[in-house]
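Data block for protein_32.csv (CSV, C-alpha atoms and all ligand atoms):
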```
chain,number,residue,atom,x,y,z
A,1,MET,CA,0.0,0.0,0.0
A,2,THR,CA,1.2,3.5,-0.7
A,3,ASP,CA,1.8,6.2,1.8
A,4,LEU,CA,-0.6,9.0,1.1
A,5,LYS,CA,1.6,11.5,2.9
A,6,SER,CA,4.3,11.5,0.2
A,7,MET,CA,1.8,12.9,-2.2
A,8,THR,CA,1.5,16.5,-3.2
A,9,LEU,CA,-1.9,18.3,-2.8
A,10,GLU,CA,-2.4,18.1,-6.5
A,11,GLU,CA,-1.8,14.3,-6.6
A,12,MET,CA,-4.1,13.9,-3.7
A,13,GLY,CA,-6.7,15.9,-5.6
A,14,GLU,CA,-6.6,13.3,-8.4
A,15,VAL,CA,-7.0,10.5,-5.9
A,16,PHE,CA,-10.1,12.0,-4.4
A,17,SER,CA,-11.6,12.9,-7.7
A,18,ALA,CA,-11.1,9.3,-8.8
A,19,LEU,CA,-13.0,8.3,-5.7
A,20,GLY,CA,-15.8,10.7,-6.8
A,21,GLN,CA,-15.0,13.0,-3.9
A,22,PRO,CA,-15.1,16.8,-4.0
A,23,ALA,CA,-11.7,18.7,-4.2
A,24,PHE,CA,-11.9,20.0,-0.6
A,25,ARG,CA,-11.6,16.5,0.7
A,26,ALA,CA,-8.0,16.4,-0.5
A,27,ARG,CA,-7.3,19.7,1.3
A,28,GLN,CA,-8.8,18.3,4.5
A,29,VAL,CA,-6.7,15.1,4.4
A,30,PHE,CA,-3.6,17.0,3.4
A,31,ALA,CA,-4.0,19.3,6.4
A,32,TRP,CA,-4.6,16.3,8.8
A,33,LEU,CA,-1.5,14.5,7.5
A,34,HIS,CA,0.6,17.6,7.9
A,35,ARG,CA,-0.6,18.1,11.4
A,36,GLY,CA,0.7,14.6,12.2
A,37,ALA,CA,-2.5,12.5,12.1
A,38,VAL,CA,-1.5,8.8,12.3
A,39,SER,CA,-4.9,7.3,11.3
A,40,PHE,CA,-7.8,8.1,9.0
A,41,GLU,CA,-10.1,7.3,12.0
A,42,GLU,CA,-9.1,10.6,13.7
A,43,MET,CA,-10.0,12.7,10.7
A,44,SER,CA,-13.2,13.8,12.3
A,45,ASP,CA,-14.5,16.1,9.6
A,46,LEU,CA,-14.6,13.2,7.0
A,47,PRO,CA,-17.6,11.0,6.6
A,48,LYS,CA,-17.1,7.7,8.4
A,49,ASP,CA,-17.4,5.5,5.3
A,50,LEU,CA,-14.8,7.6,3.4
A,51,ARG,CA,-12.4,7.2,6.4
A,52,ARG,CA,-12.9,3.4,6.1
A,53,GLU,CA,-12.4,3.4,2.4
A,54,LEU,CA,-9.2,5.4,2.7
A,55,ALA,CA,-7.8,3.1,5.4
A,56,GLN,CA,-8.4,0.1,3.0
A,57,ARG,CA,-6.3,1.7,0.3
A,58,TRP,CA,-3.6,3.8,1.9
A,59,VAL,CA,-1.3,3.8,4.8
A,60,ILE,CA,-0.1,6.7,6.9
A,61,SER,CA,3.6,6.5,7.8
A,62,HIS,CA,4.8,7.5,11.2
A,63,PRO,CA,8.0,6.8,13.0
A,64,GLU,CA,8.3,5.6,16.6
A,65,VAL,CA,10.8,7.0,19.1
A,66,GLU,CA,13.4,4.3,19.5
A,67,ARG,CA,15.7,6.4,21.6
A,68,LYS,CA,15.7,10.0,22.7
A,69,GLN,CA,18.6,11.8,24.3
A,70,VAL,CA,18.6,15.3,25.7
A,71,SER,CA,21.8,17.2,26.1
A,72,ARG,CA,22.4,18.5,29.6
A,73,GLU,CA,24.8,21.1,28.2
A,74,ASP,CA,22.5,22.9,25.8
A,75,GLY,CA,19.1,21.2,25.5
A,76,THR,CA,19.9,19.7,22.1
A,77,VAL,CA,17.6,16.7,21.5
A,78,LYS,CA,18.6,13.7,19.5
A,79,TYR,CA,15.9,11.3,18.2
A,80,LEU,CA,16.5,7.8,16.9
A,81,TRP,CA,13.4,6.9,15.0
A,82,ARG,CA,12.3,3.5,14.1
A,83,LEU,CA,10.6,3.4,10.7
A,84,SER,CA,7.8,1.1,9.6
A,85,ASP,CA,10.2,-1.5,8.2
A,86,GLY,CA,12.4,-1.5,11.3
A,87,ASN,CA,15.2,0.6,10.0
A,88,CYS,CA,16.4,3.6,12.1
A,89,VAL,CA,17.4,7.1,11.3
A,90,GLU,CA,18.4,10.1,13.4
A,91,THR,CA,17.1,13.6,13.7
A,92,VAL,CA,18.6,16.4,15.9
A,93,LEU,CA,16.7,19.3,17.3
A,94,MET,CA,18.9,22.3,18.1
A,95,ARG,CA,17.8,25.4,20.0
A,96,TYR,CA,19.3,28.6,18.9
A,97,ARG,CA,18.4,32.1,19.9
A,98,HIS,CA,16.9,32.7,16.5
A,99,GLY,CA,14.7,29.7,16.6
A,100,ASN,CA,14.6,25.9,16.5
A,101,THR,CA,16.5,24.0,13.8
A,102,VAL,CA,16.0,20.3,13.0
A,103,CYS,CA,18.7,18.3,11.2
A,104,VAL,CA,17.0,15.6,9.1
A,105,SER,CA,18.3,12.4,7.5
A,106,SER,CA,17.6,11.7,3.9
A,107,GLN,CA,18.7,8.0,3.6
A,108,VAL,CA,19.1,5.0,5.8
A,109,GLY,CA,23.0,4.9,5.8
A,110,CYS,CA,25.0,6.4,3.0
A,111,ARG,CA,27.1,5.1,0.0
A,112,MET,CA,29.5,8.1,-0.3
A,113,GLY,CA,32.2,6.6,1.8
A,114,CYS,CA,33.7,9.8,3.4
A,115,ALA,CA,36.6,8.8,5.6
A,116,PHE,CA,35.6,10.9,8.6
A,117,CYS,CA,31.8,10.1,8.7
A,118,ALA,CA,30.0,7.5,10.8
A,119,SER,CA,26.9,7.5,8.6
A,120,THR,CA,28.6,5.7,5.8
A,121,LEU,CA,30.3,2.9,7.7
A,122,GLY,CA,27.6,0.3,7.0
A,123,GLY,CA,26.9,1.6,3.5
A,124,LYS,CA,23.5,2.6,2.2
A,125,VAL,CA,20.5,0.5,3.1
A,126,ARG,CA,17.8,2.5,1.3
A,127,ASP,CA,16.4,5.9,0.4
A,128,LEU,CA,13.9,7.6,2.7
A,129,THR,CA,10.5,8.4,1.2
A,130,ALA,CA,9.4,12.1,1.1
A,131,ALA,CA,6.9,11.3,4.0
A,132,GLU,CA,9.7,9.8,6.1
A,133,ILE,CA,11.8,12.9,5.7
A,134,LEU,CA,8.8,15.1,6.5
A,135,ASP,CA,7.9,12.9,9.5
A,136,GLN,CA,11.2,13.8,11.1
A,137,VAL,CA,10.2,17.5,11.2
A,138,LEU,CA,6.6,16.8,12.0
A,139,PHE,CA,7.2,14.3,14.9
A,140,THR,CA,10.1,16.2,16.3
A,141,GLN,CA,7.7,19.1,16.6
A,142,LEU,CA,4.9,17.1,18.1
A,143,ASP,CA,7.2,15.2,20.5
A,144,SER,CA,9.1,18.2,21.7
A,145,GLY,CA,6.1,20.6,21.7
A,146,GLU,CA,8.3,23.2,20.0
A,147,ALA,CA,7.8,24.8,16.7
A,148,VAL,CA,10.5,24.3,14.2
A,149,SER,CA,11.6,27.3,12.1
A,150,ASN,CA,14.6,26.0,10.2
A,151,ILE,CA,15.6,22.8,8.6
A,152,VAL,CA,19.1,21.5,7.7
A,153,MET,CA,19.5,18.5,5.5
A,154,MET,CA,22.7,17.4,7.2
A,155,GLY,CA,21.7,14.2,8.9
A,156,ILE,CA,22.4,10.7,7.6
A,157,GLY,CA,22.6,10.2,3.9
A,158,GLU,CA,23.4,12.2,0.8
A,159,PRO,CA,20.3,14.2,-0.1
A,160,LEU,CA,21.2,14.6,-3.8
A,161,ASP,CA,21.6,10.9,-4.1
A,162,ASN,CA,17.9,10.7,-3.2
A,163,PHE,CA,17.0,13.6,-5.5
A,164,ASP,CA,13.3,13.0,-6.3
A,165,ASN,CA,12.2,12.2,-2.8
A,166,VAL,CA,14.2,15.1,-1.4
A,167,LEU,CA,12.7,17.5,-3.9
A,168,ARG,CA,9.2,16.2,-3.1
A,169,PHE,CA,9.9,16.6,0.6
A,170,LEU,CA,10.9,20.3,0.0
A,171,THR,CA,7.7,20.9,-1.9
A,172,LEU,CA,5.7,19.3,0.9
A,173,VAL,CA,7.4,21.0,3.8
A,174,ASN,CA,7.2,24.4,2.0
A,175,HIS,CA,3.5,24.1,1.3
A,176,PRO,CA,1.3,26.8,2.7
A,177,GLN,CA,-1.3,24.2,3.9
A,178,GLY,CA,1.5,22.1,5.3
A,179,LEU,CA,4.3,23.1,7.7
A,180,ASN,CA,4.9,26.1,5.5
A,181,ILE,CA,8.6,26.4,6.2
A,182,GLY,CA,10.2,29.0,3.8
A,183,MET,CA,12.9,27.9,1.4
A,184,ARG,CA,15.2,30.5,2.9
A,185,HIS,CA,14.9,28.6,6.2
A,186,ILE,CA,16.2,25.4,4.6
A,187,SER,CA,19.8,24.3,4.0
A,188,LEU,CA,20.7,21.3,1.9
A,189,SER,CA,24.2,19.9,2.3
A,190,THR,CA,25.9,17.8,-0.4
A,191,CYS,CA,29.2,16.0,-0.8
A,192,GLY,CA,29.2,17.5,-4.3
A,193,LEU,CA,27.4,15.4,-6.9
A,194,ILE,CA,27.9,17.7,-9.9
A,195,GLU,CA,25.1,16.5,-12.2
A,196,LYS,CA,22.7,16.8,-9.3
A,197,ILE,CA,23.9,20.3,-8.4
A,198,ASP,CA,23.2,21.3,-12.0
A,199,LYS,CA,19.8,19.6,-11.9
A,200,LEU,CA,18.9,21.3,-8.6
A,201,ALA,CA,19.9,24.7,-10.0
A,202,GLU,CA,17.2,24.3,-12.7
A,203,TYR,CA,14.5,24.5,-10.0
A,204,GLY,CA,15.8,27.9,-8.8
A,205,LEU,CA,14.9,27.2,-5.2
A,206,GLN,CA,15.8,29.8,-2.6
A,207,LEU,CA,17.2,27.3,-0.2
A,208,THR,CA,20.9,27.5,0.9
A,209,LEU,CA,23.1,24.9,-0.7
A,210,SER,CA,26.1,23.8,1.4
A,211,VAL,CA,28.9,22.0,-0.2
A,212,SER,CA,31.1,19.7,1.9
A,213,LEU,CA,34.5,20.7,0.6
A,214,HIS,CA,36.8,19.6,3.4
A,215,ALA,CA,40.0,20.1,1.2
A,216,PRO,CA,41.1,22.5,-1.5
A,217,ASP,CA,43.4,20.1,-3.3
A,218,ASP,CA,42.5,16.9,-5.2
A,219,ALA,CA,45.0,14.7,-3.4
A,220,THR,CA,43.6,15.5,0.0
A,221,ARG,CA,39.9,15.6,-1.0
A,222,SER,CA,40.1,12.3,-2.9
A,223,ARG,CA,41.7,10.7,0.1
A,224,LEU,CA,38.8,12.0,2.4
A,225,MET,CA,35.9,11.8,-0.1
A,226,PRO,CA,35.8,9.0,-2.7
A,227,VAL,CA,33.3,11.1,-4.7
A,228,ASN,CA,36.1,13.5,-5.6
A,229,ARG,CA,38.1,10.8,-7.4
A,230,SER,CA,36.0,11.0,-10.5
A,231,VAL,CA,35.2,14.7,-10.3
A,232,GLY,CA,37.9,16.8,-8.9
A,233,VAL,CA,37.8,20.2,-7.1
A,234,ASP,CA,37.9,22.3,-10.2
A,235,LYS,CA,34.8,20.8,-11.8
A,236,LEU,CA,33.0,21.0,-8.5
A,237,MET,CA,33.8,24.7,-8.1
A,238,ALA,CA,32.7,25.2,-11.7
A,239,ALA,CA,29.3,23.6,-10.9
A,240,CYS,CA,29.1,25.8,-7.8
A,241,ARG,CA,29.6,28.9,-10.0
A,242,ARG,CA,26.9,27.7,-12.4
A,243,TYR,CA,24.6,27.1,-9.4
A,244,PHE,CA,25.1,30.7,-8.2
A,245,ASP,CA,24.6,32.2,-11.7
A,246,ARG,CA,21.4,30.3,-12.1
A,247,THR,CA,19.8,30.8,-8.7
A,248,GLY,CA,21.5,33.9,-7.4
A,249,ARG,CA,22.1,32.1,-4.1
A,250,ARG,CA,25.6,32.0,-2.7
A,251,ILE,CA,26.9,28.6,-1.8
A,252,SER,CA,28.3,28.0,1.7
A,253,PHE,CA,31.2,25.6,2.1
A,254,GLU,CA,31.7,23.2,4.9
A,255,TYR,CA,35.2,22.3,6.0
A,256,ALA,CA,35.8,19.7,8.8
A,257,MET,CA,39.1,20.5,10.4
A,258,ILE,CA,41.3,17.4,10.6
A,259,ASP,CA,44.7,17.2,12.3
A,260,SER,CA,47.6,17.2,9.8
A,261,VAL,CA,45.3,16.4,6.9
A,262,ASN,CA,43.6,19.6,5.8
A,263,ASP,CA,44.6,22.2,8.3
A,264,SER,CA,47.9,23.6,7.0
A,265,ASP,CA,48.6,27.3,6.1
A,266,ALA,CA,49.2,26.2,2.5
A,267,GLN,CA,45.7,24.6,2.4
A,268,ALA,CA,44.1,27.8,3.9
A,269,ASP,CA,45.8,29.8,1.1
A,270,LEU,CA,44.6,27.4,-1.6
A,271,LEU,CA,41.1,27.5,-0.1
A,272,ALA,CA,41.1,31.3,-0.1
A,273,GLY,CA,42.2,31.2,-3.7
A,274,LEU,CA,39.3,28.9,-4.7
A,275,LEU,CA,36.8,31.1,-3.1
A,276,ALA,CA,38.2,34.5,-3.9
A,277,GLY,CA,35.6,36.9,-5.4
A,278,THR,CA,32.7,34.4,-5.0
A,279,GLY,CA,31.4,36.0,-1.8
A,280,SER,CA,31.0,32.5,-0.5
A,281,HIS,CA,31.2,31.7,3.1
A,282,VAL,CA,33.2,28.9,4.9
A,283,ASN,CA,31.9,27.0,7.9
A,284,LEU,CA,34.7,25.4,9.8
A,285,ILE,CA,33.6,22.3,11.6
A,286,PRO,CA,35.6,20.9,14.5
A,287,LEU,CA,35.9,17.2,13.6
A,288,ASN,CA,33.8,14.9,15.7
A,289,HIS,CA,35.9,12.0,16.5
A,290,VAL,CA,34.5,8.7,15.1
A,291,GLU,CA,35.7,5.7,17.0
A,292,GLU,CA,36.4,3.6,13.9
A,293,SER,CA,38.5,6.3,12.3
A,294,PRO,CA,42.2,7.3,12.9
A,295,LEU,CA,41.4,10.9,12.0
A,296,LYS,CA,41.8,13.4,14.8
A,297,PRO,CA,40.4,16.9,15.3
A,298,SER,CA,42.6,19.7,14.3
A,299,ARG,CA,44.2,22.0,16.9
A,300,ARG,CA,44.6,24.8,14.3
A,301,VAL,CA,41.0,25.9,13.8
A,302,ARG,CA,41.6,29.5,15.0
A,303,GLN,CA,44.8,30.0,13.0
A,304,PHE,CA,43.1,28.5,9.9
A,305,GLN,CA,40.2,30.9,10.4
A,306,ARG,CA,42.4,33.9,10.8
A,307,ARG,CA,44.4,33.1,7.7
A,308,LEU,CA,41.3,32.8,5.6
A,309,GLU,CA,39.9,36.0,7.1
A,310,GLU,CA,43.1,37.8,6.3
A,311,ARG,CA,42.5,36.8,2.7
A,312,GLY,CA,39.0,38.3,2.6
A,313,ILE,CA,37.0,35.1,3.2
A,314,THR,CA,34.0,35.1,5.6
A,315,VAL,CA,34.4,32.3,8.1
A,316,THR,CA,32.3,30.9,10.9
A,317,VAL,CA,33.3,28.1,13.2
A,318,ARG,CA,30.5,25.7,14.0
A,319,ARG,CA,29.5,25.7,17.6
A,320,LYS,CA,29.4,22.2,18.9
A,321,LEU,CA,26.0,21.3,20.3
A,322,GLY,CA,25.0,18.1,22.0
A,323,GLY,CA,28.6,16.8,22.4
A,324,ASP,CA,27.4,14.7,25.4
A,325,ILE,CA,24.8,12.9,23.4
A,326,ASP,CA,26.5,11.7,20.2
A,327,ALA,CA,24.6,14.4,18.4
A,328,SER,CA,26.4,14.1,15.2
A,329,CYS,CA,26.8,12.2,12.0
A,330,GLY,CA,25.2,8.8,12.4
A,331,GLN,CA,26.8,8.0,15.7
A,332,LEU,CA,23.6,7.2,17.6
A,333,ARG,CA,22.2,4.9,14.9
A,334,ARG,CA,25.5,3.1,14.8
A,335,ARG,CA,25.6,2.7,18.6
A,336,ALA,CA,22.1,1.5,18.7
A,337,MET,CA,22.2,-0.9,15.8
A,338,GLY,CA,25.7,-2.2,16.4
A,339,PRO,CA,28.7,-2.3,14.1
A,340,GLY,CA,27.5,-5.2,12.0
A,341,PRO,CA,25.2,-5.1,9.0
A,342,GLN,CA,22.7,-2.3,9.8
A,343,GLU,CA,19.9,-3.6,7.8
A,344,ARG,CA,16.6,-4.5,9.3
A,345,LYS,CA,14.5,-6.3,6.7
B,401,LIG,N1,25.9,13.9,2.7
B,401,LIG,C1,25.8,15.3,2.9
B,401,LIG,C2,25.1,15.7,4.2
B,401,LIG,C3,25.4,14.9,5.5
B,401,LIG,S1,26.7,15.3,6.6
B,401,LIG,C4,27.2,16.0,2.8
B,401,LIG,O1,28.1,15.3,2.6
B,401,LIG,O2,27.2,17.2,2.9
B,401,LIG,C5,26.7,16.9,7.1
B,401,LIG,C6,28.1,17.5,7.3
B,401,LIG,O3,28.8,16.9,8.3
B,401,LIG,C7,28.9,17.3,6.0
B,401,LIG,O4,29.7,18.5,5.8
B,401,LIG,C8,29.8,16.2,6.5
B,401,LIG,O5,31.0,16.1,5.7
B,401,LIG,C9,30.1,16.5,7.9
B,401,LIG,N2,30.6,15.5,8.7
B,401,LIG,C10,30.4,14.1,8.6
B,401,LIG,N3,31.1,13.5,9.6
B,401,LIG,C11,31.8,14.4,10.3
B,401,LIG,C12,32.6,14.4,11.4
B,401,LIG,N4,33.0,13.2,12.0
B,401,LIG,N5,33.0,15.5,12.0
B,401,LIG,C13,32.7,16.7,11.4
B,401,LIG,N6,31.9,16.8,10.3
B,401,LIG,C14,31.4,15.7,9.8
```
Let me see whether you can do it: turn the structure in this file into structure tokens.
Ligand code: SAH
Amino acid sequence: MTDLKSMTLEEMGEVFSALGQPAFRARQVFAWLHRGAVSFEEMSDLPKDLRRELAQRWVISHPEVERKQVSREDGTVKYLWRLSDGNCVETVLMRYRHGNTVCVSSQVGCRMGCAFCASTLGGKVRDLTAAEILDQVLFTQLDSGEAVSNIVMMGIGEPLDNFDNVLRFLTLVNHPQGLNIGMRHISLSTCGLIEKIDKLAEYGLQLTLSVSLHAPDDATRSRLMPVNRSVGVDKLMAACRRYFDRTGRRISFEYAMIDSVNDSDAQADLLAGLLAGTGSHVNLIPLNHVEESPLKPSRRVRQFQRRLEERGITVTVRRKLGGDIDASCGQLRRRAMGPGPQERK
């Protein structure tokens, strides 16, 4: 059975018209689903027999809280959700002065193989549906009782490797009759899939695209990120320029600081050279140590930042939230599911 919640309002309209129902029924059901209804039974403004008919044809996805951890340091909440097929994904709720941000996952696992990342260690199990991505925002809001104003697609998975479902999720979460979260309040982070960056550019969305760069030279980037081996930094930067030309939105670059790998003065200079004149912004991320990895956090974050700034680049250093609750990068899922095959069929 298909999950009705992954459908756009227009598609739902077609479903209801095929059932001989008036168009406003689609709007009613859409609103219920986007308020977090978990059954047709509770849709009290629908005729009883229609509710029964819908339940026979459709399912409504909803995750269960498998684990929940609240940081004593800063109130960050990390959810491990169990999906309907038994797989688990993580979502993090971060509280900032300017509002609440949720970090959502886009896949169960990841196939990109970045050397520093815990999410990719067991490979990719499957893509998430649009409803399963939306559910992370919806049920984080419902469980925490707090409104979410910003979304970052920086959880488990590579969003552009699940392009259609992610785009559908963006349409749904942005919908005025749904959660109505503005595109400018959404960031999407990618390891740099060039063709997909070009494809995304065609939609001209006003979201913020973040590119995980992590190294300015091919030798280092290919060592850290296998995706770079077939592409290279120059082609990636060219795709970023095309994206900016097409959408008018500046790209932000993420750079995880790794001891003696990508934190030298020479690399800061190369990075500054790559970004000169683009108006782009660099977000330096103190590396989260992943048990299975020999890579260590850099001790040169401030020097690296200063060197970039001296060369005219705007730099922020990511504040570490939820350090006491494994609030990053697939670590909780890994701990909960064990290091073996992470599939649950
Ligand atoms: N697949 C997407 C989004 C997921 S990860 C991407 O690659 O951008 C979100 C960010 O966290 C990425 O910049 C990723 O490279 C970074 N990241 C992953 N593991 C990390 C770690 N151990 N320490 C610091 N940053 C990490």
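Residues lying at most 6 Å from (43.4, 13.5, 10.6) in file coordinates, with only C-alpha atoms considered, are Ile258, Asp259, Ser260, Val261, Leu295 and Lys296 of chain A.
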Requested write-out: C-alpha atoms of the selected residues, as a PDB file, keeping the file's coordinate frame:
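Once everything was written out, this is selection12.pdb:
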```pdb
ATOM      1  CA  ILE A 258      41.300  17.400  10.600  1.00  0.00           C
ATOM      2  CA  ASP A 259      44.700  17.200  12.300  1.00  0.00           C
ATOM      3  CA  SER A 260      47.600  17.200   9.800  1.00  0.00           C
ATOM      4  CA  VAL A 261      45.300  16.400   6.900  1.00  0.00           C
ATOM      5  CA  LEU A 295      41.400  10.900  12.000  1.00  0.00           C
ATOM      6  CA  LYS A 296      41.800  13.400  14.800  1.00  0.00           C
TER       7      LYS A 296
END
```
(message) Could you list, as a PyMOL selection string, every residue within 7 Å of stretch 133-145 of chain A, counting only C-alpha atoms and ignoring same-chain residues fewer than 4 positions away?
(response) chain A and resi 36+62+91+102+104-106+128-129+169+173
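For ligand LIG 401 (chain B), the set of protein, DNA and RNA residues within 7 Å, based on all atoms listed in the file, reads Phe116, Cys117, Ala118, Met153, Met154, Gly155, Ile156, Gly157, Glu158, Pro159, Ser189, Thr190, Cys191, Ser210, Val211, Ser212, Glu254, Tyr255, Ala256, Ile285, Pro286, Leu287, Asn288, His289, Val290 and Cys329 of chain A.
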(request) Can you work out which one of A:Gly279, A:Gly122, A:Gly232, A:Gly323 has the shortest atom-to-atom distance to A:Gly109, counting all atoms listed in the file? (result)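 The answer is A:Gly122, which sits nearest to A:Gly109.
If you measure from each of A:Ala18, A:Ala131, A:Met237, A:Leu207 to A:Lys5 using all atoms listed in the file, the closest one turns out to be A:Ala131.
Note that the spacing between atom CA of A:Ser149 and atom CA of A:Val166 amounts to 18.4 Å.
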(message) One decimal, in Å: what's the spacing between atom CA of A:Leu284 and atom CA of A:Val317?
(response)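 If I compute the distance from atom CA of A:Leu284 to atom CA of A:Val317, I get 4.6 Å.
Residues within 7 Å of A:Leu83, counting only C-alpha atoms and excluding same-chain residues fewer than 4 positions away, are Pro63, Glu64, Asn87 and Cys88 of chain A.
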(request) May I ask which of the residues A:Ser293, A:Ser44, A:Thr2, A:Thr220 is the closest one to A:Val59, counting all atoms listed in the file? (result) A:Thr2
(request) Name the closest residue to A:Asp269 among the candidates A:Glu291, A:Asp245, A:Asp49, A:Glu310; distances are taken between atoms, counting all atoms listed in the file. (result) A:Glu310
(message) From the options A:Thr76, A:Ser84, A:Asn100, A:Gln177, which residue's atoms come nearest to A:Arg27, counting only C-alpha atoms?
(response)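 Nearest candidate to A:Arg27 out of A:Thr76, A:Ser84, A:Asn100, A:Gln177: A:Gln177.
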(request) Using only C-alpha atoms, determine which residues lie at most 7 Å from stretch 300-309 of chain A, disregarding the query and same-chain residues fewer than 6 positions distant; provide the list as an MDAnalysis selection string. (result) chainID A and resid 257 263 265 268 272 315
(request) Could you check how far atom CA of A:Trp58 sits from atom CA of A:Ala31, in Å to one decimal? (result)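 Interatomic distance here is 16.1 Å.
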(message) Measuring between all atoms listed in the file, which one of A:Lys68, A:Asn162, A:Asn262, A:Gly182 shows the shortest distance to A:Pro297?
(response) A:Asn262
(request) Tell me, as a list in words, which residues lie within 8 Å of A:Ala239, counting only C-alpha atoms; anything in the same chain fewer than 2 positions away does not count. (result) Ile194, Ile197, Asp198, Lys235, Leu236, Met237, Arg241, Arg242 and Tyr243 of chain A
(message) Need the shell around A:Thr120: protein/DNA/RNA residues with any atom at most 7 Å away, counting all atoms listed in the file. Skip same-chain ones fewer than 6 positions apart. Format as a list of chain:residue names?
(response)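 The residues that qualify are A:Gly109, A:Cys110, A:Arg111, A:Met112, A:Gly113, A:Cys114.
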Restricted to C-alpha atoms, what would the selected residues look like written as a JSON list (two decimals), in the coordinates of the input?
```
[["chain", "number", "residue", "atom", "x", "y", "z"],
["A", 109, "GLY", "CA", 23.00, 4.90, 5.80],
["A", 110, "CYS", "CA", 25.00, 6.40, 3.00],
["A", 111, "ARG", "CA", 27.10, 5.10, 0.00],
["A", 112, "MET", "CA", 29.50, 8.10, -0.30],
["A", 113, "GLY", "CA", 32.20, 6.60, 1.80],
["A", 114, "CYS", "CA", 33.70, 9.80, 3.40]]
```
(request) Using only C-alpha atoms, find all polymer residues with an atom at most 9 Å away from the point (34.3, 16.3, -7.2); report them as a PyMOL selection string. (result) chain A and resi 191-194+213+218+221-222+225-237
Padding 8 Å on each side, edges along x, y and z: where is the centre of the box around the listed atoms of stretch 49-54 of chain A, and how long are its edges in Å to one decimal? Output it as AutoDock Vina command-line options.
```
--center_x -13.3 --center_y 5.5 --center_z 4.4 --size_x 24.2 --size_y 20.2 --size_z 20.0
```
Model the absent atoms of stretch 171-186 of chain A so that N, CA and C atoms are present, and write the result as an mmCIF file, keeping the file's coordinate frame.
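Final file, selection-v6.cif:
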```cif
data_model
loop_
_atom_site.group_PDB
_atom_site.id
_atom_site.type_symbol
_atom_site.label_atom_id
_atom_site.label_comp_id
_atom_site.auth_asym_id
_atom_site.auth_seq_id
_atom_site.Cartn_x
_atom_site.Cartn_y
_atom_site.Cartn_z
ATOM 1 N N THR A 171 8.975 20.356 -1.490
ATOM 2 C CA THR A 171 7.700 20.900 -1.900
ATOM 3 C C THR A 171 6.644 20.738 -0.806
ATOM 4 N N LEU A 172 6.661 19.588 -0.140
ATOM 5 C CA LEU A 172 5.700 19.300 0.900
ATOM 6 C C LEU A 172 5.884 20.243 2.122
ATOM 7 N N VAL A 173 7.120 20.322 2.586
ATOM 8 C CA VAL A 173 7.400 21.000 3.800
ATOM 9 C C VAL A 173 7.206 22.558 3.657
ATOM 10 N N ASN A 174 7.322 22.982 2.398
ATOM 11 C CA ASN A 174 7.200 24.400 2.000
ATOM 12 C C ASN A 174 5.749 24.799 1.775
ATOM 13 N N HIS A 175 4.861 23.818 1.708
ATOM 14 C CA HIS A 175 3.500 24.100 1.300
ATOM 15 C C HIS A 175 2.718 24.926 2.300
ATOM 16 N N PRO A 176 2.014 25.976 1.823
ATOM 17 C CA PRO A 176 1.300 26.800 2.700
ATOM 18 C C PRO A 176 0.237 26.092 3.591
ATOM 19 N N GLN A 177 -0.303 24.987 3.054
ATOM 20 C CA GLN A 177 -1.300 24.200 3.900
ATOM 21 C C GLN A 177 -0.610 23.095 4.652
ATOM 22 N N GLY A 178 0.717 23.037 4.550
ATOM 23 C CA GLY A 178 1.500 22.100 5.300
ATOM 24 C C GLY A 178 2.239 22.803 6.427
ATOM 25 N N LEU A 179 3.508 22.447 6.624
ATOM 26 C CA LEU A 179 4.300 23.100 7.700
ATOM 27 C C LEU A 179 4.710 24.516 7.274
ATOM 28 N N ASN A 180 4.669 24.783 5.974
ATOM 29 C CA ASN A 180 4.900 26.100 5.500
ATOM 30 C C ASN A 180 6.235 26.734 5.912
ATOM 31 N N ILE A 181 7.275 25.935 5.845
ATOM 32 C CA ILE A 181 8.600 26.400 6.200
ATOM 33 C C ILE A 181 9.254 26.991 4.915
ATOM 34 N N GLY A 182 9.654 28.243 4.994
ATOM 35 C CA GLY A 182 10.200 29.000 3.800
ATOM 36 C C GLY A 182 11.481 28.384 3.328
ATOM 37 N N MET A 183 11.683 28.403 2.015
ATOM 38 C CA MET A 183 12.900 27.900 1.400
ATOM 39 C C MET A 183 14.164 28.534 2.009
ATOM 40 N N ARG A 184 14.035 29.808 2.343
ATOM 41 C CA ARG A 184 15.200 30.500 2.900
ATOM 42 C C ARG A 184 15.556 30.032 4.303
ATOM 43 N N HIS A 185 14.673 29.217 4.858
ATOM 44 C CA HIS A 185 14.900 28.600 6.200
ATOM 45 C C HIS A 185 15.414 27.194 6.073
ATOM 46 N N ILE A 186 15.751 26.790 4.846
ATOM 47 C CA ILE A 186 16.200 25.400 4.600
ATOM 48 C C ILE A 186 17.571 25.374 4.023
#
```
